>>> print(open('upload17.cif').read())   # mmCIF, C-alpha atoms and all ligand atoms
data_start
#
loop_
_atom_site.group_PDB
_atom_site.id
_atom_site.type_symbol
_atom_site.label_atom_id
_atom_site.label_comp_id
_atom_site.auth_asym_id
_atom_site.auth_seq_id
_atom_site.Cartn_x
_atom_site.Cartn_y
_atom_site.Cartn_z
ATOM 1 C CA MET A 1 22.788 -0.405 -7.045
ATOM 2 C CA LEU A 2 20.119 0.363 -4.441
ATOM 3 C CA ASP A 3 21.322 3.986 -4.474
ATOM 4 C CA GLU A 4 20.917 4.012 -8.255
ATOM 5 C CA LEU A 5 17.281 2.960 -7.826
ATOM 6 C CA ALA A 6 16.693 5.589 -5.138
ATOM 7 C CA ASN A 7 18.301 8.321 -7.251
ATOM 8 C CA ALA A 8 16.333 7.361 -10.368
ATOM 9 C CA VAL A 9 13.072 7.759 -8.405
ATOM 10 C CA TYR A 10 14.222 10.952 -6.729
ATOM 11 C CA ASN A 11 15.219 12.458 -10.106
ATOM 12 C CA GLY A 12 11.997 11.253 -11.755
ATOM 13 C CA ASP A 13 14.037 9.552 -14.450
ATOM 14 C CA ASP A 14 11.901 6.789 -16.045
ATOM 15 C CA SER A 15 14.603 5.278 -18.218
ATOM 16 C CA LYS A 16 17.211 5.190 -15.420
ATOM 17 C CA ALA A 17 14.570 3.660 -13.116
ATOM 18 C CA ALA A 18 13.898 0.918 -15.674
ATOM 19 C CA GLU A 19 17.596 0.343 -16.324
ATOM 20 C CA ALA A 20 18.488 0.204 -12.603
ATOM 21 C CA SER A 21 15.607 -2.218 -11.942
ATOM 22 C CA ARG A 22 16.773 -4.599 -14.680
ATOM 23 C CA LYS A 23 20.370 -4.339 -13.460
ATOM 24 C CA ALA A 24 19.306 -5.120 -9.888
ATOM 25 C CA LEU A 25 17.445 -8.256 -11.016
ATOM 26 C CA GLU A 26 20.397 -9.350 -13.187
ATOM 27 C CA ALA A 27 22.713 -8.886 -10.195
ATOM 28 C CA GLY A 28 20.496 -11.234 -8.173
ATOM 29 C CA ILE A 29 19.110 -8.598 -5.791
ATOM 30 C CA ASP A 30 15.827 -9.699 -4.229
ATOM 31 C CA PRO A 31 13.112 -7.568 -5.897
ATOM 32 C CA LEU A 32 11.524 -6.869 -2.500
ATOM 33 C CA VAL A 33 14.870 -5.516 -1.236
ATOM 34 C CA ALA A 34 15.189 -3.411 -4.398
ATOM 35 C CA ILE A 35 11.730 -1.979 -3.714
ATOM 36 C CA ASN A 36 12.104 -1.415 0.033
ATOM 37 C CA GLU A 37 15.710 -0.312 0.187
ATOM 38 C CA GLY A 38 15.992 1.322 -3.239
ATOM 39 C CA LEU A 39 12.772 2.801 -4.633
ATOM 40 C CA MET A 40 11.176 3.596 -1.259
ATOM 41 C CA LYS A 41 14.297 5.450 -0.057
ATOM 42 C CA GLY A 42 14.094 7.672 -3.144
ATOM 43 C CA MET A 43 10.387 8.330 -2.585
ATOM 44 C CA SER A 44 10.861 9.191 1.071
ATOM 45 C CA ARG A 45 13.530 11.764 0.084
ATOM 46 C CA VAL A 46 10.966 13.183 -2.366
ATOM 47 C CA GLY A 47 8.471 13.388 0.488
ATOM 48 C CA GLU A 48 10.918 15.177 2.794
ATOM 49 C CA ASP A 49 11.987 17.693 0.144
ATOM 50 C CA PHE A 50 8.378 18.324 -0.878
ATOM 51 C CA SER A 51 7.448 19.072 2.743
ATOM 52 C CA GLN A 52 10.330 21.534 2.989
ATOM 53 C CA LEU A 53 9.341 23.173 -0.312
ATOM 54 C CA LYS A 54 12.688 22.228 -1.876
ATOM 55 C CA ILE A 55 10.760 20.601 -4.750
ATOM 56 C CA TYR A 56 7.213 21.060 -6.081
ATOM 57 C CA LEU A 57 4.294 18.969 -7.365
ATOM 58 C CA PRO A 58 5.658 18.411 -10.926
ATOM 59 C CA GLU A 59 8.823 16.834 -9.488
ATOM 60 C CA VAL A 60 6.705 14.671 -7.175
ATOM 61 C CA MET A 61 4.616 13.512 -10.148
ATOM 62 C CA MET A 62 7.737 12.663 -12.139
ATOM 63 C CA ALA A 63 9.121 10.711 -9.179
ATOM 64 C CA SER A 64 5.904 8.742 -8.813
ATOM 65 C CA GLU A 65 5.925 7.932 -12.545
ATOM 66 C CA ALA A 66 9.529 6.673 -12.290
ATOM 67 C CA MET A 67 8.529 4.604 -9.259
ATOM 68 C CA LYS A 68 5.659 3.044 -11.216
ATOM 69 C CA VAL A 69 7.956 2.194 -14.143
ATOM 70 C CA ALA A 70 10.412 0.482 -11.781
ATOM 71 C CA LEU A 71 7.632 -1.353 -9.935
ATOM 72 C CA GLY A 72 6.356 -2.593 -13.298
ATOM 73 C CA ILE A 73 9.670 -4.433 -13.721
ATOM 74 C CA LEU A 74 10.312 -5.555 -10.133
ATOM 75 C CA GLU A 75 6.769 -6.525 -9.142
ATOM 76 C CA PRO A 76 6.244 -9.435 -11.603
ATOM 77 C CA GLU A 77 9.492 -10.996 -10.410
ATOM 78 C CA ALA A 78 8.521 -10.556 -6.741
ATOM 79 C CA LEU A 79 5.155 -12.163 -7.482
ATOM 80 C CA ARG A 80 6.744 -15.007 -9.430
ATOM 81 C CA ARG A 81 8.901 -15.836 -6.421
ATOM 82 C CA GLY A 82 5.959 -15.708 -4.034
ATOM 83 C CA SER A 83 3.587 -17.623 -6.262
ATOM 84 C CA SER A 84 4.505 -21.019 -4.850
ATOM 85 C CA LEU A 85 3.134 -20.008 -1.448
ATOM 86 C CA THR A 86 -0.247 -21.282 -0.383
ATOM 87 C CA ARG A 87 -3.216 -18.921 -0.285
ATOM 88 C CA ARG A 88 -3.231 -17.117 3.020
ATOM 89 C CA GLY A 89 -6.393 -15.079 2.831
ATOM 90 C CA ARG A 90 -8.593 -13.006 0.595
ATOM 91 C CA VAL A 91 -8.089 -9.256 0.648
ATOM 92 C CA VAL A 92 -10.043 -6.273 -0.619
ATOM 93 C CA ILE A 93 -7.784 -3.218 -0.687
ATOM 94 C CA ALA A 94 -8.345 0.364 -1.834
ATOM 95 C CA THR A 95 -7.329 3.945 -1.345
ATOM 96 C CA ILE A 96 -10.358 5.432 0.346
ATOM 97 C CA THR A 97 -12.742 8.184 -0.859
ATOM 98 C CA GLY A 98 -11.235 11.545 -1.762
ATOM 99 C CA ASP A 99 -7.673 10.320 -2.107
ATOM 100 C CA ILE A 100 -5.780 9.481 -5.297
ATOM 101 C CA HIS A 101 -2.444 8.507 -3.692
ATOM 102 C CA ASP A 102 -1.903 4.883 -4.603
ATOM 103 C CA ILE A 103 1.819 4.125 -4.561
ATOM 104 C CA GLY A 104 1.846 2.900 -0.945
ATOM 105 C CA LYS A 105 -1.415 0.986 -1.389
ATOM 106 C CA ASN A 106 -0.005 -0.672 -4.522
ATOM 107 C CA ILE A 107 3.111 -1.718 -2.600
ATOM 108 C CA VAL A 108 1.054 -3.206 0.220
ATOM 109 C CA ALA A 109 -1.113 -5.038 -2.353
ATOM 110 C CA MET A 110 1.946 -6.342 -4.139
ATOM 111 C CA LEU A 111 3.658 -7.537 -0.940
ATOM 112 C CA LEU A 112 0.484 -9.273 0.215
ATOM 113 C CA ARG A 113 0.245 -11.019 -3.179
ATOM 114 C CA ALA A 114 3.907 -11.961 -3.019
ATOM 115 C CA ASN A 115 3.152 -13.566 0.359
ATOM 116 C CA GLY A 116 0.352 -15.732 -0.939
ATOM 117 C CA PHE A 117 -2.714 -13.560 -0.256
ATOM 118 C CA GLU A 118 -5.412 -13.273 -2.916
ATOM 119 C CA VAL A 119 -5.702 -9.530 -3.426
ATOM 120 C CA HIS A 120 -8.574 -7.623 -5.035
ATOM 121 C CA ASP A 121 -7.337 -4.086 -5.574
ATOM 122 C CA LEU A 122 -10.207 -1.670 -6.185
ATOM 123 C CA GLY A 123 -7.939 1.281 -7.000
ATOM 124 C CA ARG A 124 -8.095 4.767 -5.573
ATOM 125 C CA ASP A 125 -10.743 7.235 -4.426
ATOM 126 C CA VAL A 126 -13.015 4.283 -3.667
ATOM 127 C CA PRO A 127 -16.271 4.809 -1.709
ATOM 128 C CA ILE A 128 -16.610 2.698 1.433
ATOM 129 C CA ASP A 129 -19.858 1.045 0.314
ATOM 130 C CA GLU A 130 -18.055 -0.184 -2.810
ATOM 131 C CA MET A 131 -15.328 -1.732 -0.611
ATOM 132 C CA VAL A 132 -17.927 -3.483 1.541
ATOM 133 C CA ARG A 133 -19.900 -4.640 -1.513
ATOM 134 C CA LYS A 134 -16.789 -6.239 -3.028
ATOM 135 C CA ALA A 135 -15.806 -7.857 0.283
ATOM 136 C CA GLU A 136 -19.272 -9.436 0.543
ATOM 137 C CA GLU A 137 -19.180 -10.538 -3.108
ATOM 138 C CA ILE A 138 -15.874 -12.380 -2.867
ATOM 139 C CA ASN A 139 -16.252 -13.492 0.750
ATOM 140 C CA ALA A 140 -13.088 -11.642 1.780
ATOM 141 C CA ASP A 141 -11.135 -12.158 4.992
ATOM 142 C CA PHE A 142 -9.673 -8.647 5.016
ATOM 143 C CA ILE A 143 -10.753 -5.126 4.135
ATOM 144 C CA CYS A 144 -7.669 -2.907 3.842
ATOM 145 C CA ALA A 145 -7.971 0.863 3.502
ATOM 146 C CA SER A 146 -5.185 3.276 2.680
ATOM 147 C CA THR A 147 -4.996 7.045 2.762
ATOM 148 C CA LEU A 148 -2.316 9.714 2.647
ATOM 149 C CA LEU A 149 -4.747 12.557 3.204
ATOM 150 C CA SER A 150 -5.831 13.511 6.698
ATOM 151 C CA THR A 151 -9.103 14.764 5.160
ATOM 152 C CA SER A 152 -9.901 11.187 4.049
ATOM 153 C CA MET A 153 -9.092 9.537 7.387
ATOM 154 C CA PRO A 154 -12.670 9.933 8.742
ATOM 155 C CA TYR A 155 -13.909 7.613 5.961
ATOM 156 C CA MET A 156 -11.962 4.793 7.614
ATOM 157 C CA GLU A 157 -14.008 5.339 10.748
ATOM 158 C CA ASP A 158 -17.154 5.420 8.567
ATOM 159 C CA LEU A 159 -16.118 2.107 6.989
ATOM 160 C CA ILE A 160 -16.105 0.412 10.383
ATOM 161 C CA ALA A 161 -19.404 2.071 11.308
ATOM 162 C CA LEU A 162 -20.940 0.828 8.044
ATOM 163 C CA LEU A 163 -19.835 -2.755 8.760
ATOM 164 C CA LYS A 164 -21.394 -2.511 12.230
ATOM 165 C CA GLU A 165 -24.591 -1.027 10.830
ATOM 166 C CA LYS A 166 -24.886 -3.965 8.427
ATOM 167 C CA GLY A 167 -24.192 -6.419 11.271
ATOM 168 C CA ILE A 168 -21.123 -7.828 9.507
ATOM 169 C CA ARG A 169 -18.263 -6.198 11.462
ATOM 170 C CA GLU A 170 -17.038 -9.523 12.875
ATOM 171 C CA LYS A 171 -16.839 -11.136 9.432
ATOM 172 C CA TYR A 172 -13.861 -9.013 8.435
ATOM 173 C CA ILE A 173 -10.383 -8.166 9.580
ATOM 174 C CA VAL A 174 -10.091 -4.427 8.952
ATOM 175 C CA MET A 175 -6.608 -2.994 8.419
ATOM 176 C CA VAL A 176 -5.740 0.645 7.856
ATOM 177 C CA GLY A 177 -2.573 2.506 6.920
ATOM 178 C CA GLY A 178 -0.964 5.357 5.004
ATOM 179 C CA GLY A 179 0.987 8.513 5.868
ATOM 180 C CA PRO A 180 -1.166 10.318 8.478
ATOM 181 C CA VAL A 181 -2.656 7.121 9.958
ATOM 182 C CA THR A 182 -1.086 6.107 13.262
ATOM 183 C CA ARG A 183 -1.208 2.933 15.307
ATOM 184 C CA GLU A 184 -3.041 4.779 18.104
ATOM 185 C CA TRP A 185 -5.608 6.244 15.754
ATOM 186 C CA ALA A 186 -6.201 2.870 14.082
ATOM 187 C CA LYS A 187 -6.865 1.415 17.522
ATOM 188 C CA SER A 188 -9.121 4.307 18.510
ATOM 189 C CA ILE A 189 -11.463 3.743 15.538
ATOM 190 C CA GLY A 190 -11.621 0.002 16.244
ATOM 191 C CA ALA A 191 -9.530 -1.248 13.300
ATOM 192 C CA ASP A 192 -8.028 -4.711 13.789
ATOM 193 C CA GLY A 193 -4.631 -3.958 12.321
ATOM 194 C CA TYR A 194 -2.254 -1.239 11.219
ATOM 195 C CA GLY A 195 1.043 -1.278 9.357
ATOM 196 C CA ASP A 196 3.674 1.415 9.269
ATOM 197 C CA ASP A 197 4.969 -0.021 6.002
ATOM 198 C CA GLY A 198 4.370 -2.886 3.612
ATOM 199 C CA ASP A 199 6.464 -5.362 5.574
ATOM 200 C CA GLU A 200 4.559 -4.672 8.773
ATOM 201 C CA ALA A 201 1.265 -4.855 6.876
ATOM 202 C CA VAL A 202 2.118 -8.392 5.741
ATOM 203 C CA ARG A 203 3.373 -9.495 9.160
ATOM 204 C CA VAL A 204 0.268 -8.153 10.915
ATOM 205 C CA ALA A 205 -2.045 -9.672 8.289
ATOM 206 C CA LYS A 206 -0.469 -13.096 8.808
ATOM 207 C CA GLU A 207 -0.734 -12.777 12.602
ATOM 208 C CA LEU A 208 -4.368 -11.665 12.516
ATOM 209 C CA LEU A 209 -5.342 -14.486 10.181
ATOM 210 C CA GLN A 210 -3.565 -17.026 12.361
ATOM 211 C CA ARG A 211 -5.294 -15.672 15.479
ATOM 212 C CA ARG A 212 -8.604 -16.166 13.705
ATOM 213 C CA GLY A 213 -7.751 -19.791 13.140
ATOM 214 C CA THR A 214 -7.587 -19.726 9.321
ATOM 215 C CA PRO A 215 -4.518 -21.607 7.971
HETATM 216 C C1 LIG A 301 3.751 11.041 -4.438
HETATM 217 C C2 LIG A 301 2.824 12.049 -3.800
HETATM 218 C C3 LIG A 301 1.780 12.554 -4.576
HETATM 219 C C4 LIG A 301 1.476 12.056 -5.990
HETATM 220 C C5 LIG A 301 0.649 10.756 -5.870
HETATM 221 C C6 LIG A 301 0.911 9.779 -6.999
HETATM 222 C C7 LIG A 301 0.258 8.452 -6.734
HETATM 223 N N1 LIG A 301 -0.181 7.828 -7.805
HETATM 224 O O1 LIG A 301 0.136 7.972 -5.604
HETATM 225 C C8 LIG A 301 0.632 13.247 -6.568
HETATM 226 C C9 LIG A 301 1.566 14.230 -7.206
HETATM 227 C C10 LIG A 301 -0.468 12.872 -7.575
HETATM 228 C C11 LIG A 301 0.078 13.843 -5.269
HETATM 229 C C12 LIG A 301 -1.066 14.603 -5.207
HETATM 230 C C13 LIG A 301 -1.506 15.229 -4.046
HETATM 231 N N2 LIG A 301 -0.894 15.262 -2.840
HETATM 232 CO CO1 LIG A 301 0.594 14.193 -2.440
HETATM 233 N N3 LIG A 301 2.241 13.364 -1.851
HETATM 234 C C14 LIG A 301 3.031 12.508 -2.445
HETATM 235 C C15 LIG A 301 4.237 12.197 -1.506
HETATM 236 C C16 LIG A 301 5.427 13.040 -1.949
HETATM 237 C C17 LIG A 301 4.678 10.755 -1.445
HETATM 238 C C18 LIG A 301 3.574 9.745 -1.162
HETATM 239 C C19 LIG A 301 4.089 8.367 -1.444
HETATM 240 O O2 LIG A 301 3.801 7.787 -2.488
HETATM 241 N N4 LIG A 301 4.918 7.812 -0.530
HETATM 242 C C20 LIG A 301 5.592 6.530 -0.726
HETATM 243 C C21 LIG A 301 4.707 5.381 -0.262
HETATM 244 C C22 LIG A 301 5.450 4.084 -0.539
HETATM 245 O O3 LIG A 301 4.480 5.516 1.125
HETATM 246 P P1 LIG A 301 3.022 5.433 1.802
HETATM 247 O O4 LIG A 301 1.998 5.871 0.846
HETATM 248 O O5 LIG A 301 3.072 6.088 3.128
HETATM 249 O O6 LIG A 301 2.758 3.870 1.989
HETATM 250 C C23 LIG A 301 3.418 3.031 2.906
HETATM 251 C C24 LIG A 301 2.802 3.027 4.327
HETATM 252 O O7 LIG A 301 2.091 4.196 4.653
HETATM 253 C C25 LIG A 301 1.978 1.781 4.387
HETATM 254 N N5 LIG A 301 0.581 1.803 3.914
HETATM 255 C C26 LIG A 301 0.010 2.556 2.949
HETATM 256 N N6 LIG A 301 -1.252 2.222 2.778
HETATM 257 C C27 LIG A 301 -1.524 1.221 3.625
HETATM 258 C C28 LIG A 301 -2.696 0.504 3.854
HETATM 259 C C29 LIG A 301 -2.714 -0.484 4.821
HETATM 260 C C30 LIG A 301 -3.964 -1.263 5.058
HETATM 261 C C31 LIG A 301 -1.550 -0.742 5.594
HETATM 262 C C32 LIG A 301 -1.584 -1.770 6.644
HETATM 263 C C33 LIG A 301 -0.366 -0.021 5.359
HETATM 264 C C34 LIG A 301 -0.362 0.942 4.380
HETATM 265 O O8 LIG A 301 2.717 0.898 3.554
HETATM 266 C C35 LIG A 301 3.180 1.619 2.396
HETATM 267 C C36 LIG A 301 4.372 0.933 1.797
HETATM 268 O O9 LIG A 301 5.470 0.879 2.695
HETATM 269 C C37 LIG A 301 3.643 12.658 -0.117
HETATM 270 C C38 LIG A 301 4.669 13.122 0.909
HETATM 271 C C39 LIG A 301 4.937 12.101 1.984
HETATM 272 N N7 LIG A 301 5.828 12.456 2.878
HETATM 273 O O10 LIG A 301 4.364 11.048 2.058
HETATM 274 C C40 LIG A 301 2.668 13.777 -0.530
HETATM 275 C C41 LIG A 301 1.459 14.031 0.348
HETATM 276 C C42 LIG A 301 0.841 12.714 0.812
HETATM 277 N N8 LIG A 301 0.481 14.742 -0.591
HETATM 278 C C43 LIG A 301 -0.167 15.626 -0.018
HETATM 279 C C44 LIG A 301 -1.153 16.422 -0.689
HETATM 280 C C45 LIG A 301 -1.786 17.528 0.145
HETATM 281 C C46 LIG A 301 -1.502 16.172 -2.021
HETATM 282 C C47 LIG A 301 -2.552 16.924 -2.845
HETATM 283 C C48 LIG A 301 -3.862 17.259 -2.105
HETATM 284 C C49 LIG A 301 -1.851 18.176 -3.408
HETATM 285 C C50 LIG A 301 -2.704 19.157 -4.144
HETATM 286 N N9 LIG A 301 -2.768 20.338 -3.575
HETATM 287 O O11 LIG A 301 -3.288 18.851 -5.150
HETATM 288 C C51 LIG A 301 -2.810 15.940 -4.028
HETATM 289 C C52 LIG A 301 -3.889 14.864 -3.722
HETATM 290 C C53 LIG A 301 -5.189 15.029 -4.378
HETATM 291 C C54 LIG A 301 -6.137 13.901 -3.962
HETATM 292 N N10 LIG A 301 -7.431 14.143 -4.047
HETATM 293 O O12 LIG A 301 -5.763 12.826 -3.556
HETATM 294 C C55 LIG A 301 0.165 15.771 1.476
HETATM 295 C C56 LIG A 301 -0.927 15.176 2.383
HETATM 296 C C57 LIG A 301 -1.123 15.979 3.647
HETATM 297 C C58 LIG A 301 -2.112 15.300 4.553
HETATM 298 N N11 LIG A 301 -1.635 14.571 5.536
HETATM 299 O O13 LIG A 301 -3.286 15.384 4.350
HETATM 300 C C59 LIG A 301 1.580 15.087 1.534
HETATM 301 C C60 LIG A 301 1.902 14.430 2.907
HETATM 302 C C61 LIG A 301 2.638 16.160 1.180
HETATM 303 C C62 LIG A 301 2.753 17.263 2.214
HETATM 304 N N12 LIG A 301 3.735 17.209 3.076
HETATM 305 O O14 LIG A 301 1.957 18.171 2.226
HETATM 306 N N13 LIG A 301 0.883 13.513 -4.191
#
>>> encode(input="upload17.cif", output="structure tokens")
Amino acid sequence: MLDELANAVYNGDDSKAAEASRKALEAGIDPLVAINEGLMKGMSRVGEDFSQLKIYLPEVMMASEAMKVALGILEPEALRRGSSLTRRGRVVIATITGDIHDIGKNIVAMLLRANGFEVHDLGRDVPIDEMVRKAEEINADFICASTLLSTSMPYMEDLIALLKEKGIREKYIVMVGGGPVTREWAKSIGADGYGDDGDEAVRVAKELLQRRGTP
């Protein structure tokens, strides 16, 4: 069944993606497992084949549409299951300036929500001053920035510089992630946390919040 989900994404088949998602839920598969071990496997095959020029942008767009359709079915169930958890922290998340990739950011946002975080998702191609403005407005604990484009990575560094310039760096836990972002690079720009995938993002967020002394 997980293979069916992966194949539906890989083939960019919306109706199969919807059907496989419903079947997985009916069969009692945890929606987070369906996402991580089904949909994400399909998308990483898309990524590999795209890099090797075995497929082109239209196929990638179809795959991301199929992934969104499937997430639309699996996500509400994942959230329903996580909704009994207590609030763990307030998060502002966005894909940073210049970048429209949002599948990974959406997954991180969804997993954080499913784990009890209050998530304010600002979308994609979001300027850093808008992220900071929102964080100040809602008194956030976290600012999370995602990018898949190496050309947008410098804006993450600018985000931290902007917080310092405003004298509010210590108010926020800054986490970064996305394809070209590495643990080492995150550390080098002074980010507080990094996650290779959504699961790690949640684990690190919980650890950082605990270290800060917030329940
Ligand atoms: C799908 C896709 C697209 C879709 C995006 C649809 C959408 N709504 O997101 C479309 C077709 C629109 C697209 C467009 C483009 N793309 Co594109 N795309 C991809 C592809 C195939 C998959 C990306 C993806 O969704 N992965 C699946 C998700 C689940 O993984 P993820 O994003 O990495 O997220 C996980 C982790 O990174 C982490 N994470 C993510 N964010 C965060 C944030 C935090 C805080 C934390 C802790 C963790 C975390 O957790 C996530 C969940 O596990 C990649 C190839 C690849 N190998 O990644 C290329 C890729 C990212 N694209 C690329 C490019 C160049 C482009 C274009 C510029 C192409 C063009 N010439 O127009 C445009 C972008 C234009 C723009 N201004 O943004 C390059 C980027 C190269 C680079 N490093 O700069 C890649 C790597 C392809 C390649 N090999 O060349 N793309």
>>> atom_distance(input="upload17.cif", atom1="CA of Pro76 (chain A)", atom2="CA of His101 (chain A)")
21.4 Å
>>> closest_residue(input="upload17.cif", among="A:Leu209, A:Val119, A:Ile93, A:Met43", to="Glu65 (chain A)", atoms="only C-alpha atoms")
A:Met43
>>> residues_near_point(input="upload17.cif", point="(-6.4, -5.1, -4.5)", cutoff="8 Å", atoms="all atoms listed in the file", output="VMD selection string")
chain A and resid 91 to 94 106 109 119 to 123
>>> resolve_selection(input="upload17.cif", expression="the PyMOL selection byres (((chain A and resi 161) around 12) and not hetatm)", output="list in words")
Ile128, Asp129, Val132, Pro154, Tyr155, Met156, Glu157, Asp158, Leu159, Ile160, Leu162, Leu163, Lys164, Glu165, Lys166, Gly167, Ile168, Arg169, Glu170, Val174, Ile189, Gly190 and Ala191 of chain A
>>> atom_distance(input="upload17.cif", atom1="CA of Lys134 (chain A)", atom2="CA of Lys105 (chain A)")
17.1 Å
>>> resolve_selection(input="upload17.cif", expression="the PyMOL selection byres (((not hetatm)) within 6 of (chain A and resi 301))", output="MDAnalysis selection string")
chainID A and resid 40 43 46:48 51 57 60:61 64 98:105 107:108 144:146 148:151 175:180 194:198 201
>>> write_last_selection(input="upload17.cif", atoms="C-alpha atoms", output="compact mmCIF listing (two decimals), in the frame of the given file")
# COMPACT_ATOMS: atom_id res chain seq x y z
CA MET A 40 11.18 3.60 -1.26
CA MET A 43 10.39 8.33 -2.58
CA VAL A 46 10.97 13.18 -2.37
CA GLY A 47 8.47 13.39 0.49
CA GLU A 48 10.92 15.18 2.79
CA SER A 51 7.45 19.07 2.74
CA LEU A 57 4.29 18.97 -7.36
CA VAL A 60 6.70 14.67 -7.18
CA MET A 61 4.62 13.51 -10.15
CA SER A 64 5.90 8.74 -8.81
CA GLY A 98 -11.24 11.54 -1.76
CA ASP A 99 -7.67 10.32 -2.11
CA ILE A 100 -5.78 9.48 -5.30
CA HIS A 101 -2.44 8.51 -3.69
CA ASP A 102 -1.90 4.88 -4.60
CA ILE A 103 1.82 4.12 -4.56
CA GLY A 104 1.85 2.90 -0.94
CA LYS A 105 -1.42 0.99 -1.39
CA ILE A 107 3.11 -1.72 -2.60
CA VAL A 108 1.05 -3.21 0.22
CA CYS A 144 -7.67 -2.91 3.84
CA ALA A 145 -7.97 0.86 3.50
CA SER A 146 -5.18 3.28 2.68
CA LEU A 148 -2.32 9.71 2.65
CA LEU A 149 -4.75 12.56 3.20
CA SER A 150 -5.83 13.51 6.70
CA THR A 151 -9.10 14.76 5.16
CA MET A 175 -6.61 -2.99 8.42
CA VAL A 176 -5.74 0.64 7.86
CA GLY A 177 -2.57 2.51 6.92
CA GLY A 178 -0.96 5.36 5.00
CA GLY A 179 0.99 8.51 5.87
CA PRO A 180 -1.17 10.32 8.48
CA TYR A 194 -2.25 -1.24 11.22
CA GLY A 195 1.04 -1.28 9.36
CA ASP A 196 3.67 1.42 9.27
CA ASP A 197 4.97 -0.02 6.00
CA GLY A 198 4.37 -2.89 3.61
CA ALA A 201 1.26 -4.86 6.88
>>> atom_distance(input="upload17.cif", atom1="CA of Glu4 (chain A)", atom2="CA of Arg81 (chain A)")
23.3 Å
>>> residues_near_point(input="upload17.cif", point="(5.5, -14.9, -1.2)", cutoff="12 Å", atoms="only C-alpha atoms", output="PyMOL selection string")
chain A and resi 30-32+75-88+109-118+199+202-203+206
>>> closest_residue(input="upload17.cif", among="A:Lys54, A:Ala66, A:Val33, A:Ser21", to="Val9 (chain A)", atoms="all atoms listed in the file")
A:Ala66
>>> resolve_selection(input="upload17.cif", expression="the PyMOL selection byres (((chain A and resi 1) around 10) and not hetatm)", output="PDB file with C-alpha atoms, in the frame of the given file")
ATOM      1  CA  LEU A   2      20.119   0.363  -4.441  1.00  0.00           C
ATOM      2  CA  ASP A   3      21.322   3.986  -4.474  1.00  0.00           C
ATOM      3  CA  GLU A   4      20.917   4.012  -8.255  1.00  0.00           C
ATOM      4  CA  LEU A   5      17.281   2.960  -7.826  1.00  0.00           C
ATOM      5  CA  ALA A   6      16.693   5.589  -5.138  1.00  0.00           C
ATOM      6  CA  ASN A   7      18.301   8.321  -7.251  1.00  0.00           C
ATOM      7  CA  ALA A  20      18.488   0.204 -12.603  1.00  0.00           C
ATOM      8  CA  SER A  21      15.607  -2.218 -11.942  1.00  0.00           C
ATOM      9  CA  LYS A  23      20.370  -4.339 -13.460  1.00  0.00           C
ATOM     10  CA  ALA A  24      19.306  -5.120  -9.888  1.00  0.00           C
ATOM     11  CA  ALA A  27      22.713  -8.886 -10.195  1.00  0.00           C
ATOM     12  CA  ILE A  29      19.110  -8.598  -5.791  1.00  0.00           C
ATOM     13  CA  ALA A  34      15.189  -3.411  -4.398  1.00  0.00           C
ATOM     14  CA  GLY A  38      15.992   1.322  -3.239  1.00  0.00           C
TER      15      GLY A  38
END
>>> closest_residue(input="upload17.cif", among="A:Ile96, A:Glu200, A:Arg212, A:Glu207", to="Lys171 (chain A)", atoms="only C-alpha atoms")
A:Arg212
>>> closest_residue(input="upload17.cif", among="A:Arg183, A:Lys16, A:Arg22, A:Arg124", to="Thr97 (chain A)", atoms="only C-alpha atoms")
A:Arg124
